[in-house]
file data26.cif (mmCIF, C-alpha atoms)
data_coords
loop_
_atom_site.label_atom_id
_atom_site.label_comp_id
_atom_site.auth_asym_id
_atom_site.auth_seq_id
_atom_site.Cartn_x
_atom_site.Cartn_y
_atom_site.Cartn_z
CA MET N 1 10.56 18.33 29.30
CA ALA N 2 12.52 15.13 28.63
CA LEU N 3 15.00 15.07 25.82
CA LEU N 4 14.88 12.19 23.42
CA PRO N 5 18.14 10.41 22.67
CA ALA N 6 19.88 11.63 19.56
CA PRO N 7 19.38 9.35 16.57
CA SER N 8 22.40 7.27 15.65
CA HIS N 9 22.44 8.77 12.16
CA ALA N 10 21.01 11.87 10.56
CA ALA N 11 17.88 11.63 8.47
CA PRO N 12 18.61 11.57 4.74
CA ALA N 13 18.12 14.76 2.79
CA TYR N 14 15.04 15.12 0.59
CA PRO N 15 14.55 13.70 -2.02
CA ALA N 16 16.10 10.44 -0.80
CA PRO N 17 14.62 7.05 -1.77
CA ILE N 18 11.69 6.05 0.45
CA MET N 19 12.43 2.37 -0.07
CA GLY N 20 15.80 0.69 -0.36
CA PRO N 21 16.56 -1.49 -3.41
CA GLN N 22 17.12 -4.60 -1.29
CA THR N 23 13.93 -4.45 0.79
CA THR N 24 11.36 -7.19 0.98
CA ALA N 25 8.82 -4.85 -0.63
CA HIS N 26 11.14 -4.44 -3.62
CA ALA N 27 11.59 -8.20 -3.87
CA TRP N 28 7.81 -8.61 -3.81
CA GLY N 29 7.33 -6.32 -6.81
CA ILE N 30 7.00 -2.80 -5.39
CA GLU N 31 8.90 0.11 -6.90
CA THR N 32 8.88 3.70 -5.70
CA ARG N 33 10.20 6.80 -7.41
CA PHE N 34 9.97 10.56 -7.30
CA ALA N 35 8.06 11.55 -10.43
CA GLN N 36 9.18 15.06 -9.54
CA SER N 37 10.64 16.66 -6.45
CA THR N 38 9.20 20.19 -6.80
CA PRO N 39 6.32 20.01 -6.24
CA CYS N 40 6.65 16.64 -4.58
CA ARG N 41 5.08 13.75 -6.45
CA VAL N 42 5.80 10.10 -5.60
CA GLU N 43 4.79 7.11 -7.72
CA MET N 44 4.53 3.63 -6.23
CA THR N 45 3.96 0.63 -8.48
CA ILE N 46 3.22 -3.04 -7.82
CA ASN N 47 4.32 -5.44 -10.53
CA GLN N 48 1.43 -7.91 -10.45
CA SER N 49 3.41 -10.84 -11.89
CA ILE N 50 6.28 -10.50 -9.41
CA PHE N 51 3.84 -9.87 -6.56
CA MET N 52 1.78 -12.98 -7.34
CA ALA N 53 4.91 -15.13 -7.78
CA HIS N 54 5.95 -14.22 -4.23
CA MET N 55 2.60 -14.91 -2.54
CA PRO N 56 3.96 -18.05 -0.79
CA GLU N 57 6.67 -15.91 0.87
CA MET N 58 4.15 -13.26 1.91
CA ILE N 59 1.91 -15.97 3.37
CA GLN N 60 4.87 -17.46 5.22
CA ALA N 61 5.78 -13.99 6.53
CA GLY N 62 2.22 -13.59 7.87
CA LEU N 63 1.08 -10.78 5.58
CA PHE N 64 -1.64 -13.09 4.24
CA ASN N 65 -2.87 -16.27 5.86
CA THR N 66 -2.86 -19.81 4.58
CA GLN N 67 -6.49 -19.56 3.45
CA VAL N 68 -5.17 -17.56 0.49
CA THR N 69 -4.73 -20.70 -1.57
CA PRO N 70 -3.19 -20.68 -5.04
CA ALA N 71 -6.69 -21.00 -6.54
CA LEU N 72 -7.98 -18.05 -4.51
CA GLN N 73 -4.88 -16.00 -5.39
CA LYS N 74 -5.76 -16.30 -9.08
CA GLN N 75 -9.29 -15.05 -8.36
CA ILE N 76 -8.36 -12.02 -6.26
CA PRO N 77 -5.10 -10.38 -7.43
CA HIS N 78 -6.46 -6.80 -7.19
CA TYR N 79 -7.83 -7.41 -3.69
CA LEU N 80 -4.40 -8.72 -2.64
CA MET N 81 -2.51 -5.82 -4.25
CA ASN N 82 -4.89 -3.37 -2.57
CA THR N 83 -4.26 -5.06 0.77
CA LEU N 84 -0.50 -4.79 0.30
CA GLN N 85 -0.61 -1.12 -0.67
CA ILE N 86 -2.75 -0.35 2.39
CA ASP N 87 -0.14 -2.11 4.52
CA VAL N 88 3.00 -0.44 3.11
CA THR N 89 1.79 3.08 2.25
CA PRO N 90 2.09 4.52 5.78
CA GLY N 91 5.76 3.52 5.96
CA PHE N 92 6.52 5.13 2.59
CA VAL N 93 4.72 8.35 3.52
CA HIS N 94 6.43 8.59 6.89
CA ALA N 95 9.85 7.84 5.33
CA LEU N 96 9.39 10.83 3.03
CA PHE N 97 8.25 13.30 5.69
CA THR N 98 11.07 12.39 8.10
CA GLN N 99 13.72 13.38 5.54
CA ARG N 100 15.69 16.57 6.16
CA GLY N 101 14.15 19.35 4.09
CA ALA N 102 10.99 17.37 3.30
CA PRO N 103 8.31 19.43 1.54
CA ALA N 104 5.22 20.72 3.31
CA SER N 105 3.06 18.40 1.17
CA CYS N 106 3.36 15.64 -1.39
CA HIS N 107 1.11 13.87 -3.88
CA PHE N 108 1.25 10.05 -3.91
CA ASP N 109 0.10 7.82 -6.79
CA TRP N 110 -0.26 4.03 -6.68
CA PHE N 111 -0.24 1.97 -9.90
CA TYR N 112 0.02 -1.67 -10.78
CA THR N 113 1.65 -3.23 -13.81
CA ALA N 114 -0.52 -6.03 -15.19
CA PRO N 115 0.96 -9.27 -16.57
CA ASP N 116 0.64 -7.82 -20.10
CA SER N 117 2.95 -4.92 -19.00
CA SER N 118 0.12 -2.34 -19.11
CA ARG N 119 0.11 0.19 -16.26
CA HIS N 120 -3.10 0.90 -14.34
CA PRO N 121 -3.92 3.47 -11.63
CA MET N 122 -5.06 2.31 -8.21
CA VAL N 123 -5.35 5.24 -5.80
CA ALA N 124 -3.90 8.73 -5.39
CA PHE N 125 -3.86 11.13 -2.46
CA ASP N 126 -2.16 14.17 -0.97
CA MET N 127 -0.49 14.23 2.43
CA THR N 128 1.07 17.04 4.41
CA ARG N 129 4.08 17.03 6.70
CA ALA N 130 1.84 18.58 9.41
CA ALA N 131 -0.64 15.68 9.14
CA ASP N 132 2.25 13.20 9.23
CA ALA N 133 3.51 14.86 12.43
CA ARG N 134 0.09 14.44 14.11
CA ILE N 135 0.02 10.66 13.59
CA ASP N 136 1.13 8.50 16.50
CA TRP N 137 3.46 6.35 14.39
CA ALA N 138 4.54 4.21 17.35
CA HIS N 139 0.91 3.14 17.86
CA LEU N 140 -0.43 3.35 14.31
CA ARG N 141 -3.86 1.77 13.90
CA PHE N 142 -5.60 0.77 10.71
CA GLY N 143 -7.12 3.86 9.12
CA ASP N 144 -5.08 6.44 11.06
CA MET N 145 -3.14 7.59 8.02
CA ALA N 146 -6.06 7.35 5.60
CA ALA N 147 -8.01 9.78 7.78
CA ALA N 148 -5.14 12.29 7.46
CA THR N 149 -4.93 12.25 3.65
CA ARG N 150 -6.53 14.80 1.36
CA ASN N 151 -7.89 14.65 -2.18
CA THR N 152 -8.08 10.86 -2.26
CA VAL N 153 -9.06 9.53 -5.68
CA VAL N 154 -9.64 5.83 -6.27
CA ASP N 155 -9.56 4.70 -9.88
CA PRO N 156 -13.12 3.51 -10.71
CA ARG N 157 -11.94 0.44 -12.65
CA PHE N 158 -9.58 -0.64 -9.88
CA ASP N 159 -12.33 -0.01 -7.34
CA ALA N 160 -14.75 -2.21 -9.28
CA LEU N 161 -12.19 -5.03 -9.53
CA VAL N 162 -11.38 -4.87 -5.81
CA ASN N 163 -15.08 -4.83 -4.90
CA GLN N 164 -15.82 -7.85 -7.11
CA GLU N 165 -12.87 -9.73 -5.69
CA THR N 166 -13.99 -8.82 -2.17
CA VAL N 167 -17.21 -10.68 -2.96
CA ASP N 168 -15.11 -13.63 -4.16
CA VAL N 169 -13.11 -13.61 -0.90
CA THR N 170 -16.30 -13.47 1.14
CA ILE N 171 -17.80 -16.41 -0.74
CA ALA N 172 -14.57 -18.43 -0.45
CA LEU N 173 -14.37 -17.81 3.27
CA GLY N 174 -18.06 -18.58 3.69
CA GLN N 175 -17.36 -22.03 2.29
CA ASN N 176 -14.59 -22.55 4.82
CA GLN N 177 -15.65 -24.05 8.14
CA ASN N 178 -13.09 -21.93 9.96
CA ALA N 179 -14.12 -18.63 8.35
CA ALA N 180 -14.94 -17.14 11.74
CA GLU N 181 -11.31 -17.72 12.79
CA SER N 182 -9.89 -16.22 9.60
CA ASP N 183 -7.21 -13.58 9.81
CA LEU N 184 -7.57 -12.48 6.19
CA PRO N 185 -7.66 -8.74 5.75
CA PRO N 186 -11.13 -7.22 6.11
CA PRO N 187 -13.10 -6.46 2.95
CA SER N 188 -11.77 -3.42 1.17
CA ASN N 189 -13.06 0.07 1.83
CA VAL N 190 -11.27 1.32 -1.27
CA GLY N 191 -14.49 2.49 -2.94
CA LYS N 192 -15.73 4.42 0.06
CA ALA N 193 -12.83 6.90 -0.13
CA ALA N 194 -13.97 8.16 -3.52
CA GLN N 195 -17.49 8.95 -2.36
#
call {"tool": "encode", "arguments": {"input": "data26.cif", "output": "structure tokens"}}
result
Amino acid sequence: MALLPAPSHAAPAYPAPIMGPQTTAHAWGIETRFAQSTPCRVEMTINQSIFMAHMPEMIQAGLFNTQVTPALQKQIPHYLMNTLQIDVTPGFVHALFTQRGAPASCHFDWFYTAPDSSRHPMVAFDMTRAADARIDWAHLRFGDMAAATRNTVVDPRFDALVNQETVDVTIALGQNQNAAESDLPPPSNVGKAAQ
């Protein structure tokens, strides 16, 4: 049995922040907080106005491609927020379960804050430390973490908005001659989790 090299620093003790205040995700409008530590409950929120204002940076960073034009951005904000939460959630979950003294399980809630400052649910799920340990984080593939979650609940209103905006994305790409070469995220499967 080979020994792994010792980490250069010890893991933080639970409940430590799962996202630093100076991260790109924070700059792009994401906030995380422990709603409570016993039992574990984490809330993650996307501020839609901040998120949308930083779309050019996210496009430049390669999170979204250049086909996400300003006009299309205005049509599909929920689709884009859903795509971002799918992208960052695994890192947040893994950051929690690698903390010293992490709980055996935790409940995670995603929300977004609309431009009118109202707060809306997106998706919620439970995850266990044992399920986190079974994921090959070094070779994570799309859907690996979602398959390990339990009690996933997608807000029906958010689901309907994402599904409608997925249609809008499909139509917009269908009008683009290079749609076959597009690297936009695939249409959302957000609604399928609730079934």
call {"tool": "closest_residue", "arguments": {"input": "data26.cif", "among": "N:Gly174, N:Pro121, N:Gly101, N:Pro90", "to": "Arg141 of chain N", "atoms": "only C-alpha atoms"}}
result
N:Pro90
call {"tool": "resolve_selection", "arguments": {"input": "data26.cif", "expression": "the PyMOL selection byres ((chain N and resi 164) around 12)", "output": "compact mmCIF listing (two decimals) with C-alpha atoms, keeping the file's coordinate frame"}}
result
# COMPACT_ATOMS: atom_id res chain seq x y z
CA GLN N 75 -9.29 -15.05 -8.36
CA ILE N 76 -8.36 -12.02 -6.26
CA PRO N 77 -5.10 -10.38 -7.43
CA HIS N 78 -6.46 -6.80 -7.19
CA TYR N 79 -7.83 -7.41 -3.69
CA ARG N 157 -11.94 0.44 -12.65
CA PHE N 158 -9.58 -0.64 -9.88
CA ASP N 159 -12.33 -0.01 -7.34
CA ALA N 160 -14.75 -2.21 -9.28
CA LEU N 161 -12.19 -5.03 -9.53
CA VAL N 162 -11.38 -4.87 -5.81
CA ASN N 163 -15.08 -4.83 -4.90
CA GLU N 165 -12.87 -9.73 -5.69
CA THR N 166 -13.99 -8.82 -2.17
CA VAL N 167 -17.21 -10.68 -2.96
CA ASP N 168 -15.11 -13.63 -4.16
CA VAL N 169 -13.11 -13.61 -0.90
CA THR N 170 -16.30 -13.47 1.14
CA ILE N 171 -17.80 -16.41 -0.74
CA PRO N 187 -13.10 -6.46 2.95
CA SER N 188 -11.77 -3.42 1.17
CA VAL N 190 -11.27 1.32 -1.27
CA GLY N 191 -14.49 2.49 -2.94
call {"tool": "closest_residue", "arguments": {"input": "data26.cif", "among": "N:Ala95, N:Val42, N:Leu72, N:Ala104", "to": "Ala124 of chain N", "atoms": "only C-alpha atoms"}}
result
N:Val42
call {"tool": "atom_distance", "arguments": {"input": "data26.cif", "atom1": "atom CA of Thr152 of chain N", "atom2": "atom CA of Phe108 of chain N"}}
result
9.5 Å
call {"tool": "closest_residue", "arguments": {"input": "data26.cif", "among": "N:Tyr14, N:Phe97, N:Tyr112, N:Phe92", "to": "Leu80 of chain N", "atoms": "all atoms listed in the file"}}
result
N:Tyr112
call {"tool": "atom_distance", "arguments": {"input": "data26.cif", "atom1": "atom CA of Pro12 of chain N", "atom2": "atom CA of Ile135 of chain N"}}
result
20.6 Å
call {"tool": "atom_distance", "arguments": {"input": "data26.cif", "atom1": "atom CA of Gly29 of chain N", "atom2": "atom CA of Ala61 of chain N"}}
result
15.5 Å
call {"tool": "residues_around", "arguments": {"input": "data26.cif", "residues": "Ala114 of chain N", "least_positions_apart": "5", "cutoff": "12 Å", "atoms": "only C-alpha atoms", "output": "PyMOL selection string"}}
result
chain N and resi 29+45-52+77-78+81+119-122+158
call {"tool": "closest_residue", "arguments": {"input": "data26.cif", "among": "N:Ser105, N:Thr89, N:Thr23, N:Thr83", "to": "Arg41 of chain N", "atoms": "all atoms listed in the file"}}
result
N:Ser105
call {"tool": "closest_residue", "arguments": {"input": "data26.cif", "among": "N:Ala146, N:Met55, N:Val88, N:Cys106", "to": "Ser37 of chain N", "atoms": "all atoms listed in the file"}}
result
N:Cys106
call {"tool": "residues_around", "arguments": {"input": "data26.cif", "residues": "Val93 of chain N", "least_positions_apart": "6", "cutoff": "12 Å", "atoms": "all atoms listed in the file", "output": "PyMOL selection string"}}
result
chain N and resi 17-19+32+40-44+85-87+99+102-103+105-109+125-129+131-133+135+137+145-146+148-149
call {"tool": "closest_residue", "arguments": {"input": "data26.cif", "among": "N:Pro39, N:Ala138, N:Trp28, N:Pro156", "to": "Glu57 of chain N", "atoms": "all atoms listed in the file"}}
result
N:Trp28
